[in-house]
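Take a look at the structure below.
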Amino acid sequence: MNKIKIAIDGPASSGKSTVAKLIAKELGYTYLDTGAMYRCATLMVLENGWQENDLDRILKGLDQYPIRFERGQDENQRVFLNNVDVTKRIRENDVTNNVSWVSAFPEVRAKLVEQQQQIAAQGGIIMDGRDIGTVVLPDAELKIFLIASVEERAERRYKENLAKGIPTDLETLKEEIAARDYKDSTREASPLKKADDAIEFDTTGVSISEVVQFILEKAKQILDSESSI
Ligand code: DC
């Protein structure tokens, strides 16, 4: 059976990565968390003390410090920056609160998009991010745009952070999520935007398994129609 490409976009904490991982497992596809790549770029910037006028250094750094994914012993994906496991570190507040300006540079995006497209070229891919359906995989057979209210997204991230031992205040989280949405959707380079041919799904009050079922059904419809041609 042929394998398809699935693009999942949406704002912060809309459930993209949770559902994408489950779908990847079900279909036996590769899952790529593109947000983790922008977070790695941001961690590199912070650790080197680079600022917004250090674009040249940032671009050289991206060539120098490879970003790599590996499956850990617990089957969960781990993220490495320059061969250091940064899976947990890239979720901390300083990275989260600086990622929007680092990811707004078109030159940074061009480098990471190239890597993302190379990974996708192997086929059988599900990728989540902000510009997957519009820029990274414009030819993806299935494009989903997940949305949810700011309140619900803040509560989800709050619970995730607590479980990971990251100290968080719910009201601050709401403000930060709204601010990140605004920056991600109003930047000039590849803003967060629903592709014209994407299916929009509001996950407010919807369980993870229902979202997964919905997307799997759409994927199976496409796979069935392709195999009958
Ligand atoms: O999905 P996330 O919250 O981990 O993403 C972190 C940031 O990275 C997000 O605020 C915007 C940026 N990002 C992006 O610009 N393009 C992507 N494809 C994925 C993430």
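By order of appearance in the structure tokens: chains A, B, ..., then residues from 1 within every chain, and ligands from 1 in the order shown.
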Q: Enumerate as number ranges by chain the residues within 8 Å of ligand 1, counting only C-alpha atoms and all ligand atoms.
A: A: 9, 11-13, 16-17, 33-39, 91, 96, 99-100, 103-104, 109, 128-132, 136, 180-181, 183-184, 190-192
Sorted per-residue table, segment 102-185 of chain A near segment 202-206 of chain A, closest atoms and distance, 12 Å, only C-alpha atoms, as CSV:
```
residue,atom,partner,partner_atom,distance
A:Ile144,CA,A:Asp202,CA,10.5
A:Phe145,CA,A:Asp202,CA,8.5
A:Leu146,CA,A:Asp202,CA,5.9
A:Ile147,CA,A:Asp202,CA,4.8
A:Ala148,CA,A:Thr204,CA,4.7
A:Ser149,CA,A:Thr204,CA,6.1
A:Val150,CA,A:Thr204,CA,9.4
A:Glu151,CA,A:Thr204,CA,9.3
A:Glu152,CA,A:Thr204,CA,6.6
A:Arg153,CA,A:Thr204,CA,8.4
A:Ala154,CA,A:Thr204,CA,11.6
A:Glu155,CA,A:Thr204,CA,11.3
A:Arg156,CA,A:Thr204,CA,10.7
```
Q: Skip Arg78 of chain A itself and residues of its chain fewer than 3 positions away, then list as a ChimeraX atom specification all residues within 9 Å of it, counting only C-alpha atoms.
A: /A:68-72,85-88
Q. Using only C-alpha atoms, which residues sit within 9 Å of segment 113-122 of chain A once same-chain residues fewer than 3 positions away are excluded, as a list in words?
A.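 After dropping sequence-adjacent residues, the list is Lys5, Thr30, Leu32, Thr34, Val108, Arg109, Ala110, Ile125, Ile126, Met127, Val135, Val136 and Leu137 of chain A.
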Q. For Thr134 of chain A, which of A:Leu173, A:Cys40, A:Ala7, A:Leu216 is the closest residue, counting only C-alpha atoms?
A. A:Ala7
Q: Could you please determine the separation between atom CA of Gly49 of chain A and atom CA of Tyr65 of chain A in Å, to one decimal place?
A: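 Pair atom CA of Gly49 of chain A / atom CA of Tyr65 of chain A returns 15.2 Å.
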